[in-house]
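Q: Have a peek at start-v3.csv (CSV, C-alpha atoms).
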chain,number,residue,atom,x,y,z
A,190,MET,CA,110.2,109.4,67.0
A,191,ASN,CA,110.3,110.0,63.3
A,192,ASP,CA,111.0,107.5,60.5
A,193,LEU,CA,113.4,105.3,62.4
A,194,THR,CA,115.3,102.6,60.5
A,195,CYS,CA,117.8,100.2,61.9
A,196,PHE,CA,119.9,97.3,60.6
A,197,ARG,CA,121.8,94.6,62.4
A,198,GLY,CA,124.6,93.7,60.0
A,199,ASP,CA,122.8,93.1,56.7
A,200,ARG,CA,119.4,92.4,58.3
A,201,ARG,CA,116.9,95.2,58.7
A,202,LEU,CA,115.3,95.2,62.2
A,203,PHE,CA,112.7,97.9,61.5
A,204,ALA,CA,112.1,100.7,59.0
A,205,GLY,CA,109.9,103.8,58.9
A,206,LEU,CA,109.1,103.6,62.6
A,207,ASP,CA,107.0,106.5,63.7
A,208,PHE,CA,105.4,106.9,67.2
A,209,THR,CA,104.8,109.5,69.9
A,210,VAL,CA,104.6,108.9,73.6
A,211,GLU,CA,102.5,111.5,75.5
A,212,THR,CA,102.8,112.6,79.1
A,213,GLY,CA,101.2,110.0,81.4
A,214,GLN,CA,101.6,107.2,78.9
A,215,VAL,CA,103.5,103.9,79.0
A,216,LEU,CA,104.6,102.5,75.6
A,217,HIS,CA,105.0,98.7,75.7
A,218,VAL,CA,107.3,97.6,72.9
A,219,SER,CA,106.6,93.9,72.1
A,220,GLY,CA,107.9,91.4,69.6
A,221,PRO,CA,109.8,88.1,69.3
A,222,ASN,CA,113.4,87.7,70.3
A,223,GLY,CA,115.7,89.4,67.8
A,224,ALA,CA,113.0,91.8,66.6
A,225,GLY,CA,115.1,94.8,67.7
A,226,LYS,CA,113.4,95.8,71.0
A,227,THR,CA,116.6,96.4,73.0
A,228,THR,CA,118.1,98.1,70.0
A,229,LEU,CA,115.1,100.5,69.8
A,230,LEU,CA,115.4,101.3,73.5
A,231,ARG,CA,119.1,102.0,73.1
A,232,ILE,CA,118.3,104.3,70.2
A,233,LEU,CA,115.7,106.1,72.4
A,234,CYS,CA,118.4,106.6,75.0
A,235,GLY,CA,120.9,107.9,72.5
A,236,LEU,CA,123.3,105.0,73.1
A,237,THR,CA,122.8,103.6,69.5
A,238,GLN,CA,122.4,105.5,66.3
A,239,PRO,CA,119.6,104.6,63.8
A,240,GLU,CA,120.4,104.1,60.1
A,241,SER,CA,118.0,106.9,59.4
A,242,GLY,CA,115.4,109.0,61.2
A,243,GLU,CA,115.6,110.8,64.5
A,244,VAL,CA,114.4,110.8,68.1
A,245,ARG,CA,112.9,114.0,69.3
A,246,TRP,CA,112.4,115.2,72.9
A,247,ARG,CA,110.1,118.1,73.5
A,248,GLY,CA,110.3,119.0,69.8
A,249,GLN,CA,114.1,118.9,69.5
A,250,SER,CA,116.5,116.2,68.2
A,251,ILE,CA,118.2,114.4,71.1
A,252,GLY,CA,121.4,114.6,69.0
A,253,GLU,CA,121.2,118.4,69.5
A,254,LEU,CA,120.2,118.2,73.2
A,255,LYS,CA,123.0,115.7,74.1
A,256,GLU,CA,123.7,115.9,77.9
A,257,GLU,CA,120.5,117.9,78.5
A,258,TYR,CA,118.5,115.0,77.2
A,259,ALA,CA,120.6,112.4,79.1
A,260,ARG,CA,119.7,114.1,82.3
A,261,GLU,CA,116.0,113.6,81.5
A,262,VAL,CA,116.3,109.8,81.0
A,263,LEU,CA,116.4,107.0,83.5
A,264,TYR,CA,117.5,103.9,81.6
A,265,LEU,CA,117.5,100.4,83.0
A,266,GLY,CA,118.8,97.7,80.7
A,267,HIS,CA,119.5,94.0,81.0
A,268,LEU,CA,122.5,94.7,83.2
A,269,ASN,CA,121.9,96.2,86.6
A,270,GLY,CA,124.8,98.7,86.5
A,271,LEU,CA,125.9,98.0,90.0
A,272,LYS,CA,129.3,98.0,91.5
A,273,VAL,CA,129.5,94.7,93.3
A,274,GLU,CA,132.0,95.7,95.9
A,275,LEU,CA,129.7,98.5,97.2
A,276,THR,CA,126.6,98.1,99.3
A,277,PRO,CA,123.1,98.9,97.9
A,278,VAL,CA,123.1,102.3,99.8
A,279,GLU,CA,126.5,103.2,98.4
A,280,ASN,CA,125.5,102.2,94.9
A,281,LEU,CA,122.4,104.4,95.0
A,282,MET,CA,124.3,107.3,96.4
A,283,ALA,CA,126.9,107.0,93.7
A,284,TRP,CA,124.2,106.7,91.0
A,285,ALA,CA,122.5,109.9,92.3
A,286,ALA,CA,125.8,111.8,92.4
A,287,LEU,CA,126.6,110.7,88.8
A,288,HIS,CA,123.2,112.2,87.7
A,289,GLY,CA,123.7,115.5,89.5
A,290,PHE,CA,121.5,115.2,92.6
A,291,GLU,CA,122.0,114.2,96.2
A,292,LEU,CA,120.0,111.5,98.1
A,293,GLY,CA,119.8,111.3,101.9
A,294,GLU,CA,120.4,107.9,103.4
A,295,GLU,CA,116.9,107.8,104.9
A,296,ALA,CA,115.3,108.2,101.5
A,297,ILE,CA,117.5,105.4,100.1
A,298,LEU,CA,116.7,103.1,103.0
A,299,ASP,CA,113.0,103.7,102.5
A,300,ALA,CA,113.3,102.8,98.8
A,301,LEU,CA,115.2,99.7,99.6
A,302,ALA,CA,112.7,98.7,102.2
A,303,ALA,CA,109.9,99.2,99.6
A,304,MET,CA,111.8,96.7,97.4
A,305,ALA,CA,111.9,94.2,100.3
A,306,LEU,CA,115.6,94.8,100.8
A,307,LYS,CA,115.5,95.9,104.5
A,308,GLY,CA,118.3,94.3,106.5
A,309,ILE,CA,120.7,93.7,103.6
A,310,ASP,CA,121.3,97.3,102.7
A,311,ASP,CA,124.8,97.2,104.3
A,312,LEU,CA,126.0,94.0,102.5
A,313,PRO,CA,128.2,94.2,99.4
A,314,VAL,CA,126.1,93.7,96.3
A,315,LYS,CA,128.3,90.7,95.2
A,316,VAL,CA,126.7,88.5,97.9
A,317,LEU,CA,123.1,89.3,96.9
A,318,SER,CA,120.9,87.0,94.7
A,319,GLN,CA,120.1,88.0,91.1
A,320,GLY,CA,116.6,89.0,92.2
A,321,GLN,CA,117.9,91.2,95.0
A,322,LYS,CA,120.4,92.9,92.7
A,323,ARG,CA,117.6,93.6,90.3
A,324,ARG,CA,115.6,95.1,93.0
A,325,VAL,CA,118.5,97.4,94.1
A,326,ALA,CA,118.7,98.6,90.5
A,327,LEU,CA,114.9,99.2,90.4
A,328,ALA,CA,115.0,101.2,93.6
A,329,ARG,CA,116.4,104.0,91.4
A,330,LEU,CA,112.8,104.3,90.0
A,331,LEU,CA,111.6,105.2,93.5
A,332,LEU,CA,114.4,107.8,93.9
A,333,GLY,CA,115.0,109.3,90.5
A,334,ARG,CA,113.8,112.6,89.1
A,335,GLN,CA,114.0,111.9,85.4
A,336,PRO,CA,110.7,112.3,83.5
A,337,LEU,CA,111.4,109.6,80.9
A,338,TRP,CA,111.9,106.0,82.0
A,339,ILE,CA,113.2,103.5,79.5
A,340,LEU,CA,113.1,100.0,80.9
A,341,ASP,CA,114.3,96.8,79.2
A,342,GLU,CA,112.6,93.7,80.8
A,343,PRO,CA,112.3,95.4,84.2
A,344,PHE,CA,110.2,92.5,85.7
A,345,VAL,CA,112.8,89.8,85.2
A,346,ALA,CA,113.8,87.9,88.4
A,347,LEU,CA,111.2,89.7,90.5
A,348,ASP,CA,108.8,88.0,92.9
A,349,ARG,CA,105.1,89.0,93.1
A,350,HIS,CA,105.7,91.6,95.8
A,351,ALA,CA,108.4,93.3,93.8
A,352,VAL,CA,106.2,93.2,90.6
A,353,GLY,CA,103.5,95.0,92.6
A,354,VAL,CA,105.9,97.6,93.8
A,355,LEU,CA,107.2,98.2,90.3
A,356,GLU,CA,103.7,98.5,88.9
A,357,GLY,CA,102.9,101.0,91.6
A,358,ALA,CA,106.0,103.0,90.9
A,359,ILE,CA,105.2,103.2,87.2
A,360,GLU,CA,101.6,104.3,88.0
A,361,ALA,CA,102.8,107.0,90.3
A,362,HIS,CA,105.3,108.2,87.7
A,363,LEU,CA,102.6,108.4,85.0
A,364,ASP,CA,100.2,110.2,87.4
A,365,GLY,CA,103.0,112.7,88.0
A,366,GLY,CA,103.3,113.5,84.3
A,367,GLY,CA,106.1,111.1,83.5
A,368,LEU,CA,106.5,108.9,80.5
A,369,VAL,CA,107.6,105.2,80.3
A,370,VAL,CA,108.9,103.0,77.4
A,371,LEU,CA,109.4,99.4,78.3
A,372,THR,CA,109.8,95.9,77.0
A,373,THR,CA,108.7,92.8,78.9
A,374,HIS,CA,107.6,89.2,78.4
A,375,GLN,CA,105.9,89.2,81.8
A,376,ALA,CA,102.2,90.2,82.3
A,377,PHE,CA,101.7,93.4,84.1
A,378,THR,CA,98.8,95.6,85.2
A,379,LEU,CA,98.3,99.3,84.7
A,380,ALA,CA,95.3,101.6,84.9
A,381,THR,CA,93.2,101.7,81.8
A,382,GLY,CA,94.2,104.5,79.4
A,383,HIS,CA,97.9,104.5,80.4
A,384,LEU,CA,99.0,101.8,78.1
A,385,CYS,CA,99.8,101.8,74.4
A,386,GLU,CA,101.5,99.1,72.3
A,387,LEU,CA,104.2,99.0,69.6
A,388,ALA,CA,104.8,95.6,68.1
A,389,LEU,CA,108.1,94.9,66.3
A,390,GLY,CA,108.7,92.0,63.9
A,391,GLY,CA,105.1,91.6,63.0
Would it be possible to restate this file's structure as C-alpha cells?

A:
Amino acid sequence: MNDLTCFRGDRRLFAGLDFTVETGQVLHVSGPNGAGKTTLLRILCGLTQPESGEVRWRGQSIGELKEEYAREVLYLGHLNGLKVELTPVENLMAWAALHGFELGEEAILDALAAMALKGIDDLPVKVLSQGQKRRVALARLLLGRQPLWILDEPFVALDRHAVGVLEGAIEAHLDGGGLVVLTTHQAFTLATGHLCELALGG
C-alpha cells in the first residue's frame, strides 16, 4: 500500500500511509474510534477510494485488477451479510456461488459444527442470536479459498470457544500462505512472528 491519504469530510484520517503485508502475516490495525480503521479496510477491499495513493496486489494496482482482485479477497465487515430468511446452510451455499465456487453440504455442516452451530443449521437466520449470526458469517473463513482476508472486528459477539476457533482458522490460513488484515478491540493470540501492527490516530 503506497502513500495512502484519506479524508472524512474536511478532517484528514491519515496521510502518507505506507505498509506491506507479506505472505503468512497478519496486520493488526489499531487506533481509537474514528481514527479511520474501517475506512482503511474498505480502501484495501476496493470499496472506498483514497484521496491519494494506491493499493497494490502482487505488484499491480487493484484499480487495474478489478474483479480479478475481488476474487482474491474475503471481506468481513461490521455487518454479517446474511439473508435472514435463509438458513445458515443456504446462506453459505449462496455466498460460495456468488464467489464462483461450489460447496458441498457436508463441508458446510462441518464448518457450522466447528463454529458450535450444529443443530440450528436448518433454522432461518432471523431467529438466531447476534452471536450465532456472527458465527455463521465467520464460517466463511473455514470454507473460503481467497488468499487475503480483511476482517473488521471479527471477534465481536463471540464466546471463548468461537474465539479459539477463529484464532485457529487464522493460524491455518497464515500457515497455508495466506494474508490477514484485521481490526479488533479484543485480545487475541497468534504464534510469534505472524503478527505486525499498524496504529492509526497516534

Q: Please report the interatomic distance between atom CA of Val352 of chain A and atom CA of Glu211 of chain A in Å with one decimal.

A: 24.0 Å

Q: Please determine, counting all atoms listed in the file, which residue among A:Ala361, A:Ala328, A:Thr228, A:Gly248 has the shortest atom-to-atom distance to Ala300 of chain A.

A: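 Using all atoms listed in the file, the shortest distance to Ala300 of chain A belongs to A:Ala328.
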
Q: So how many Å separate atom CA of Leu230 of chain A and atom CA of Pro277 of chain A, to one decimal?

A: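 So the answer is 25.7 Å.
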
Q: A:Leu387, A:Gly289, A:Tyr258, A:Thr194: which is nearest Thr209 of chain A, counting only C-alpha atoms?

A: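 Smallest separation from Thr209 of chain A among the options: A:Leu387.
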
Q: Atom CA of Glu342 of chain A to atom CA of Leu233 of chain A: how many Å, to one decimal?

A: 15.3 Å

Q: Can you tell me which residues surround Ala358 of chain A at a distance of at most 12 Å, considering only C-alpha atoms, apart from same-chain residues fewer than 2 positions away, and format the answer as a list in words?

A: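 What passes the distance filter is Ala300, Ala303, Met304, Leu327, Ala328, Arg329, Leu330, Leu331, Leu332, Gly333, Trp338, Pro343, Ala351, Val352, Gly353, Val354, Leu355, Glu356, Glu360, Ala361, His362, Leu363, Asp364, Gly365, Gly367, Leu368, Val369, Thr378 and Leu379 of chain A.
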
Q: Taking all atoms listed in the file into account, name the residue in A:His267, A:Lys307, A:Arg200, A:Arg323 that is nearest to Ile339 of chain A.

A: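 So, comparing all the options, the nearest one is A:His267.
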
Q: Of the candidates A:Gly242, A:Gly366, A:Gly270, A:Gly235, which one gets nearest to Glu256 of chain A if we count only C-alpha atoms?

A: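 Residue with the minimum atom-to-atom distance to Glu256 of chain A: A:Gly235.
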
Q: Taking the partial coordinates given, rebuild segment 335-353 of chain A to contain N, CA and C atoms; return it as a compact mmCIF listing (two decimals), in the frame of the given file.

A:
# COMPACT_ATOMS: atom_id res chain seq x y z
N GLN A 335 114.03 111.82 86.84
CA GLN A 335 114.00 111.90 85.40
C GLN A 335 112.53 111.69 84.91
N PRO A 336 112.04 112.51 83.97
CA PRO A 336 110.70 112.30 83.50
C PRO A 336 110.46 111.16 82.57
N LEU A 337 111.52 110.72 81.89
CA LEU A 337 111.40 109.60 80.90
C LEU A 337 112.11 108.38 81.44
N TRP A 338 111.35 107.31 81.63
CA TRP A 338 111.90 106.00 82.00
C TRP A 338 111.94 105.10 80.82
N ILE A 339 113.08 104.50 80.54
CA ILE A 339 113.20 103.50 79.50
C ILE A 339 113.71 102.23 80.11
N LEU A 340 112.86 101.21 80.11
CA LEU A 340 113.10 100.00 80.90
C LEU A 340 113.06 98.76 80.05
N ASP A 341 114.17 98.04 80.05
CA ASP A 341 114.30 96.80 79.20
C ASP A 341 114.11 95.61 80.15
N GLU A 342 112.98 94.93 80.01
CA GLU A 342 112.60 93.70 80.80
C GLU A 342 112.78 94.02 82.32
N PRO A 343 112.11 95.03 82.83
CA PRO A 343 112.30 95.40 84.20
C PRO A 343 111.71 94.35 85.22
N PHE A 344 110.80 93.48 84.77
CA PHE A 344 110.20 92.50 85.70
C PHE A 344 110.91 91.21 85.83
N VAL A 345 112.02 91.06 85.09
CA VAL A 345 112.80 89.80 85.20
C VAL A 345 113.33 89.61 86.58
N ALA A 346 113.24 88.37 87.07
CA ALA A 346 113.80 87.90 88.40
C ALA A 346 113.09 88.55 89.57
N LEU A 347 111.89 89.11 89.37
CA LEU A 347 111.20 89.70 90.50
C LEU A 347 110.08 88.76 91.00
N ASP A 348 109.89 88.75 92.33
CA ASP A 348 108.80 88.00 92.90
C ASP A 348 107.51 88.85 92.83
N ARG A 349 106.40 88.28 93.27
CA ARG A 349 105.10 89.00 93.10
C ARG A 349 105.08 90.30 93.85
N HIS A 350 105.67 90.35 95.05
CA HIS A 350 105.70 91.60 95.80
C HIS A 350 106.44 92.68 95.03
N ALA A 351 107.61 92.35 94.51
CA ALA A 351 108.40 93.30 93.80
C ALA A 351 107.72 93.78 92.51
N VAL A 352 107.01 92.85 91.83
CA VAL A 352 106.20 93.20 90.60
C VAL A 352 105.19 94.27 91.01
N GLY A 353 104.51 94.05 92.13
CA GLY A 353 103.50 95.00 92.60
C GLY A 353 104.09 96.38 92.89
